[in-house]
Structures are given as C-alpha cells and as structure tokens.
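Have a look at the structure below, then the notes.
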Amino acid sequence: MKLICSKTNLLNGVQIVSKAVPNKTTMSILECILVDTTKGMITLTANDMEMGIETTIEGEIVEKGIIALDAKIFLEIVRKLPDNDITIYTDETYKTTITCEKAKFSIMGKSGEDFSYLPVVEREESISVSQFTLKEVVRQTIFSISDNDNNKLMSGELFDIQGNELKVVSLDGHRISIRKLALREEYNRRKVVVPGKTLNEISKILSGDTDKYVNIFFTSKHIIFEFENTTVVSRLIEGEYFRIEQMLSSDYETKVKVNKKELLSCIDRATLLVKEGDKKPIIINITDEGMELKINSALGSMNEDIDISKEGKDLMIGFNPKFLIDALRVIDDEQVDLYMVNPKAPCLIKDEEENYIYLILPVNFTTVN
C-alpha cells in the first residue's frame, strides 16, 4: 500500500478515530487504527467493540492496500511531523514507512485482515439534527450521568423520540437533567439508551455548525451517527429506563425567579470554602426580603444575599453546591425559575416551555447561627 496526503487531513482523521481506541484491552489488534485504501478512498477505522468510528480523508492512493497500525505511535508520529504531505508505504511483511520532508519513520504494522470492522447495521429509521444542536444537548445533560458502572442505565442517556420531539434524559440518583428539542419531521415513538462515553466522544468530534447535520439511525441493539465523512456505531445499553414522570410534579409551594449569573457566581464563591470531596451543603433561605445563601465549613463561613422575585411560602433548603453549579452553567437564560415544595422534596429548575428541566434532590443540614 502507498498513499500520500496532507498532514492536516491525516492528523484530523487519526484524531477522530483514536477516540474509539480502548485504553486497556487483551486484544492487541484493537489498539490499532486500520488504514484501508482497497475501495479507492482512504478510510481510517478504530473499534473497541462497544463503539467504532470510521472516517474517510482526502489524499492520493498510489497503491491500494490495508494495514493496522498502533494507534498511539501512529498518532504521535503524525502529530510531530512537519506541516507538509505525508507518504505512507507498507510492504508485504507489514513494515510501514512514514515519510515527510526529511523525516522518516519505520514501524511494524499488523495484518488488516485480523481487524474487527464496524458491525454492519441496517440504516432504516433515522432522525436528523444539526451538529450544533446535538453538541449542545449533550453538553447540557452529560454531567448528570453516573460514572458508577453498577447501574449501566445510569451511565447512559435516554433518547426518547415522539412525534416531532426528541427528549434527552440523564440521571445519577441525585439529580435529573432533561432537554427537549423540536425535530424537523414527525417520527414514530422510539426510546433507546445511548452510552455516555459514546456521546462524550461524539460531542468532541462534532464541529458544532448549525448548517451541518447529523443523521442518527437506530436498531434494537445499535445507534449510528453519520456526519460529514465520519460514521460512529455504538452499542445501546439494554434495559427499561427509569420512569421519571412522577418525580416531575408541577406542584410547588415556593417559586423563585432569580438572575442566573448572579446566583451562579454566588454559589461559585461559596465553594471556595469547600475542600475537594467535602460534602458541605449550601443552605438557601428564601423569604420575602430575598434569598440568603450561606455555607459553613472547616475553612470558614460565607453568606450572601441575592434579590429575587418570590411566589409562595418562605423556605430554607440545602443542596450540594456542585449540582446547582452544573445545572446553572449550561442554562443560557438570563433569569431562571426555581420550583420547590419543602426542604425534603426535589427542586426543579425549568423554563416555561419545559425545553429544559433540571431536578436536584436537597440534602439534610444543620443550621448554625
């Protein structure tokens, strides 16, 4: 095999597929990137058996062939070569020579025949969303998936399609994040749970352009994301997702409208007094006069008042400050509405149309004067 392509194209392609190379594996072939020119285009593929990524790049194919190269070494070589055309040549013993200007590397590849290709998945049902929208929806929900693998469903996000609406849900047992977005067409009801790792990696690859689209295909076991020259295939998480509707009650005893930036800055300041891993709650006291936020820790104490618009009863309630910060950071509105019932019930942060809903469970606290 022999090919010539620009460093920019090759590096971009290798970086994209590298996201599907496993950190640890007993199968050394999975630590490789497959370079395949047998079909008349330069295709790069990586696959960790849960998620696979394939992308095509522009370049000149001098001699068709196929080779599997160690992903880590390949990426580092390409990254550090001069910004010029790169030539890759492999012989029948899989010895691979990579040259660029006066630099020349020789590394051993593996037979491409042993590589695990992406599963062949039938592309039937699909939806289409802009790259910007998908990237934003992932950013606004991914922080509340669980990083604990004890409950697989919590390590993924629910994609619930109904009519012309896509609802994306994540939860970790302490909070729930929901984003809803309008689709351009009507679709049949479909519910799948997509691994958080897959969504994380896809959001890094997406350009975020509003005029570029992602086509998303579903089967009973897989989800496929196709955009520009890249295809990502991922296994779905099997199982019935949690019923969250009953937790999203529209009843409330206290409603607060507050400037989002002011509230976020205040909570951020309060966390200066909380050590990493220290579970000190921020206590919020809501009265007709305003909202007082206070925190007490071994390092000291802080309290601050914020102007609010309030409906309903006075309330004192405690939260993990990180959970409030995570939700507020991804809301673009200038003013946010908080809905609460009592100190033991969840707080809902949502807009009137419920395009976003963030549910946060309160924590117990002891008041210190």
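Every chain in the structure tokens has a letter given in the order shown (A, B, ...), and although residue numbers restart at 1 in each chain, ligands are simply numbered from 1 in the order shown.
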Original post:
segment 147-154 of chain A: which residues within 10 Å, counting only C-alpha atoms, same-chain residues fewer than 4 positions away excluded, as a PyMOL selection string?
Top reply: chain A and resi 143+158+169-173+193-197+236-242
For segment 170-257 of chain A against segment 332-347 of chain A, with a cut-off of 7 Å and counting only C-alpha atoms, what is the closest atom pair and its distance in Å to one decimal for every residue that makes the cut, ordered by chain and number, as a Markdown table?
| residue | atom | partner | partner_atom | distance |
| --- | --- | --- | --- | --- |
| A:Tyr252 | CA | A:Val341 | CA | 4.7 |
| A:Glu253 | CA | A:Val341 | CA | 4.6 |
| A:Thr254 | CA | A:Met340 | CA | 5.2 |
| A:Lys255 | CA | A:Tyr339 | CA | 4.7 |
| A:Val256 | CA | A:Leu338 | CA | 5.1 |
| A:Lys257 | CA | A:Asp337 | CA | 4.6 |
Hey, which bits of segment 105-177 of chain A sit within 9 Å of segment 349-365 of chain A, and for each residue what's the closest pair of atoms and how far apart in Å (one decimal), counting only C-alpha atoms, rows by chain and increasing number, as a Markdown table?
| residue | atom | partner | partner_atom | distance |
| --- | --- | --- | --- | --- |
| A:Gln140 | CA | A:Tyr356 | CA | 8.8 |
| A:Lys167 | CA | A:Asn355 | CA | 8.9 |
| A:Gly173 | CA | A:Leu361 | CA | 8.8 |
| A:His174 | CA | A:Leu361 | CA | 5.6 |
| A:Arg175 | CA | A:Ile360 | CA | 4.5 |
| A:Ile176 | CA | A:Leu359 | CA | 5.0 |
| A:Ser177 | CA | A:Tyr358 | CA | 4.7 |
Dump as a CSV table (one decimal), in the first residue's frame, selection limited to N, CA and C atoms:
chain,number,residue,atom,x,y,z
A,140,GLN,N,-25.5,19.9,27.8
A,140,GLN,CA,-26.5,20.3,28.8
A,140,GLN,C,-27.0,19.2,29.6
A,167,LYS,N,-36.5,14.0,23.3
A,167,LYS,CA,-36.2,14.3,24.7
A,167,LYS,C,-35.0,13.5,25.1
A,173,GLY,N,-29.1,9.4,40.3
A,173,GLY,CA,-29.6,9.1,41.6
A,173,GLY,C,-29.8,10.3,42.5
A,174,HIS,N,-29.1,11.4,42.2
A,174,HIS,CA,-29.2,12.6,43.0
A,174,HIS,C,-29.9,13.8,42.2
A,175,ARG,N,-29.9,13.6,40.9
A,175,ARG,CA,-30.4,14.7,40.0
A,175,ARG,C,-30.8,14.1,38.7
A,176,ILE,N,-31.6,14.9,38.0
A,176,ILE,CA,-32.0,14.5,36.6
A,176,ILE,C,-31.9,15.7,35.7
A,177,SER,N,-31.4,15.5,34.5
A,177,SER,CA,-31.3,16.6,33.5
A,177,SER,C,-32.1,16.2,32.3
List the spatial neighbours of Asp91 of chain A as a PDB file with all heavy atoms, in the first residue's frame - criterion: any atom at most 10 Å away, only C-alpha atoms, same-chain residues fewer than 3 positions off excluded.
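As a result, part.pdb now contains:
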ATOM      1  N   MET A   1       0.841  -1.196   0.000  1.00  0.00           N
ATOM      2  CA  MET A   1       0.000   0.000   0.000  1.00  0.00           C
ATOM      3  C   MET A   1       0.874   1.242   0.000  1.00  0.00           C
ATOM      4  O   MET A   1       1.904   1.285   0.674  1.00  0.00           O
ATOM      5  CB  MET A   1      -0.902   0.020   1.247  1.00  0.00           C
ATOM      6  CG  MET A   1      -1.829   1.239   1.324  1.00  0.00           C
ATOM      7  SD  MET A   1      -2.733   1.347   2.873  1.00  0.00           S
ATOM      8  CE  MET A   1      -1.487   2.101   3.927  1.00  0.00           C
ATOM      9  N   LYS A   2       0.452   2.226  -0.746  1.00  0.00           N
ATOM     10  CA  LYS A   2       1.162   3.508  -0.723  1.00  0.00           C
ATOM     11  C   LYS A   2       0.149   4.629  -0.897  1.00  0.00           C
ATOM     12  O   LYS A   2      -0.684   4.579  -1.796  1.00  0.00           O
ATOM     13  CB  LYS A   2       2.222   3.569  -1.832  1.00  0.00           C
ATOM     14  CG  LYS A   2       3.080   4.839  -1.761  1.00  0.00           C
ATOM     15  CD  LYS A   2       4.186   4.821  -2.788  1.00  0.00           C
ATOM     16  CE  LYS A   2       5.046   6.080  -2.693  1.00  0.00           C
ATOM     17  NZ  LYS A   2       6.101   6.119  -3.730  1.00  0.00           N
ATOM     18  N   GLY A  65      -4.196  -0.965  -0.629  1.00  0.00           N
ATOM     19  CA  GLY A  65      -3.779  -1.935   0.378  1.00  0.00           C
ATOM     20  C   GLY A  65      -4.470  -1.677   1.699  1.00  0.00           C
ATOM     21  O   GLY A  65      -5.365  -0.820   1.800  1.00  0.00           O
ATOM     22  N   ILE A  67      -3.628  -1.901   6.188  1.00  0.00           N
ATOM     23  CA  ILE A  67      -2.664  -2.126   7.270  1.00  0.00           C
ATOM     24  C   ILE A  67      -3.265  -1.655   8.585  1.00  0.00           C
ATOM     25  O   ILE A  67      -4.039  -0.696   8.620  1.00  0.00           O
ATOM     26  CB  ILE A  67      -1.322  -1.376   6.986  1.00  0.00           C
ATOM     27  CG1 ILE A  67      -0.214  -1.777   7.963  1.00  0.00           C
ATOM     28  CG2 ILE A  67      -1.521   0.136   7.018  1.00  0.00           C
ATOM     29  CD1 ILE A  67       0.450  -3.069   7.641  1.00  0.00           C
ATOM     30  N   TYR A  94       4.390  -6.132   6.323  1.00  0.00           N
ATOM     31  CA  TYR A  94       3.679  -5.146   7.148  1.00  0.00           C
ATOM     32  C   TYR A  94       4.593  -4.060   7.722  1.00  0.00           C
ATOM     33  O   TYR A  94       4.185  -3.272   8.575  1.00  0.00           O
ATOM     34  CB  TYR A  94       2.896  -5.813   8.307  1.00  0.00           C
ATOM     35  CG  TYR A  94       2.031  -6.951   7.859  1.00  0.00           C
ATOM     36  CD1 TYR A  94       2.168  -8.223   8.422  1.00  0.00           C
ATOM     37  CD2 TYR A  94       1.096  -6.788   6.843  1.00  0.00           C
ATOM     38  CE1 TYR A  94       1.385  -9.289   7.993  1.00  0.00           C
ATOM     39  CE2 TYR A  94       0.319  -7.843   6.402  1.00  0.00           C
ATOM     40  CZ  TYR A  94       0.467  -9.091   6.975  1.00  0.00           C
ATOM     41  OH  TYR A  94      -0.299 -10.141   6.529  1.00  0.00           O
ATOM     42  N   LYS A  95       5.853  -4.041   7.242  1.00  0.00           N
ATOM     43  CA  LYS A  95       6.733  -2.941   7.639  1.00  0.00           C
ATOM     44  C   LYS A  95       6.191  -1.668   6.991  1.00  0.00           C
ATOM     45  O   LYS A  95       5.919  -1.630   5.795  1.00  0.00           O
ATOM     46  CB  LYS A  95       8.161  -3.211   7.175  1.00  0.00           C
ATOM     47  CG  LYS A  95       9.144  -2.112   7.581  1.00  0.00           C
ATOM     48  CD  LYS A  95      10.527  -2.374   6.990  1.00  0.00           C
ATOM     49  CE  LYS A  95      11.449  -1.186   7.249  1.00  0.00           C
ATOM     50  NZ  LYS A  95      12.740  -1.335   6.546  1.00  0.00           N
ATOM     51  N   THR A  96       6.033  -0.638   7.795  1.00  0.00           N
ATOM     52  CA  THR A  96       5.404   0.597   7.324  1.00  0.00           C
ATOM     53  C   THR A  96       6.387   1.753   7.436  1.00  0.00           C
ATOM     54  O   THR A  96       6.955   1.994   8.505  1.00  0.00           O
ATOM     55  CB  THR A  96       4.138   0.902   8.145  1.00  0.00           C
ATOM     56  OG1 THR A  96       3.249  -0.214   8.031  1.00  0.00           O
ATOM     57  CG2 THR A  96       3.434   2.150   7.662  1.00  0.00           C
ATOM     58  N   THR A  97       6.580   2.458   6.334  1.00  0.00           N
ATOM     59  CA  THR A  97       7.476   3.616   6.309  1.00  0.00           C
ATOM     60  C   THR A  97       6.630   4.879   6.170  1.00  0.00           C
ATOM     61  O   THR A  97       5.784   4.985   5.280  1.00  0.00           O
ATOM     62  CB  THR A  97       8.456   3.514   5.139  1.00  0.00           C
ATOM     63  OG1 THR A  97       9.121   2.250   5.207  1.00  0.00           O
ATOM     64  CG2 THR A  97       9.487   4.624   5.199  1.00  0.00           C
ATOM     65  N   GLY A 109       3.536  -2.823  11.273  1.00  0.00           N
ATOM     66  CA  GLY A 109       2.085  -2.872  11.341  1.00  0.00           C
ATOM     67  C   GLY A 109       1.608  -4.303  11.531  1.00  0.00           C
ATOM     68  O   GLY A 109       2.405  -5.220  11.755  1.00  0.00           O
TER      69      GLY A 109
END
Subject >> Option closest in space to Asp48 of chain A, from A:Gln162, A:Ser155, A:Thr366, A:Thr198 [counting only C-alpha atoms] >> reply: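 When distances to Asp48 of chain A are compared using only C-alpha atoms, the smallest one comes from A:Thr198.
Between atom CA of Val192 of chain A and atom CA of Thr133 of chain A there is a distance of 18.5 Å.
Close contacts of segment 113-122 of chain A, defined as residues with an atom at most 9 Å away when counting only C-alpha atoms, with chain neighbours fewer than 6 positions off set aside, comprise A:Ile29, A:Leu30, A:Cys32, A:Ile33, A:Leu34, A:Thr45, A:Ala46, A:Asn47, A:Asp48, A:Met49, A:Met51, A:Gly52, A:Ile53, A:Glu54, A:Ile66, A:Ile67, A:Ala68, A:Phe217, A:Phe218, A:Thr219, A:His222, A:Ile223, A:Ile224, A:Val232, A:Val233.
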Original post:
Pick from A:Gln131, A:Ala71, A:Gly312, A:Ile86: nearest to Phe227 of chain A, with only C-alpha atoms counted?
Top reply: A:Gln131
**OP:** Quick one: pick out all strand (DSSP E or B) residues within segment 80-310 of chain A from a backbone DSSP run and write them as number ranges by chain.
**Re:** A: 85-90, 95-100, 103-108, 110, 126-130, 156-171, 175-195, 213-218, 222-227, 230-235, 254-259, 282-287, 290-297, 300-306, 309-310
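Nearest to Arg184 of chain A of all the residues A:Val137, A:Phe319, A:Thr231, A:Ser128 is A:Ser128, counting only C-alpha atoms.
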**OP:** Please provide as a list in words all residues within 10 Å of Asp211 of chain A, with the sequence filter that same-chain residues fewer than 4 positions apart are discarded (counting only C-alpha atoms).
**Re:** Val129, Ser130, Gln131 and Phe132 of chain A
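Between Val62 of chain A and the residues A:Ile107, A:Met41, A:Ala327, A:Leu273, the shortest atom-to-atom distance, using only C-alpha atoms, involves A:Met41.
Coordinates place atom CA of Thr230 of chain A at a distance of 4.2 Å from atom CA of Thr55 of chain A.
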Original post:
Skipping near chain neighbours, those fewer than 6 positions away, what residues fall within 7 Å of segment 187-191 of chain A using only C-alpha atoms, listed as a list in words?
Top reply: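 Counting only the stated atoms, we get Leu158, Phe159, Asp160, Ile161, Gln162, Gly163 and Asn164 of chain A.
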Residue subset to file, keeping C-alpha atoms, as a short mmCIF file (atom, residue, chain, number, x, y, z; two decimals), in the first residue's frame:
data_model
loop_
_atom_site.label_atom_id
_atom_site.label_comp_id
_atom_site.auth_asym_id
_atom_site.auth_seq_id
_atom_site.Cartn_x
_atom_site.Cartn_y
_atom_site.Cartn_z
CA LEU A 158 -32.23 8.22 27.23
CA PHE A 159 -33.11 9.36 23.71
CA ASP A 160 -36.92 9.46 23.63
CA ILE A 161 -38.41 10.35 20.25
CA GLN A 162 -42.10 11.07 19.97
CA GLY A 163 -43.71 12.89 17.07
CA ASN A 164 -41.52 15.88 16.25
#
**OP:** as a list of chain:residue names, list the residues of segment 145-237 of chain A assigned to alpha helix (DSSP H) by DSSP on the backbone atoms of this structure.
**Re:**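 Output for segment 145-237 of chain A, alpha helix (DSSP H) only: A:Gly196, A:Lys197, A:Thr198, A:Leu199, A:Asn200, A:Glu201, A:Ile202, A:Ser203, A:Lys204, A:Ile205.
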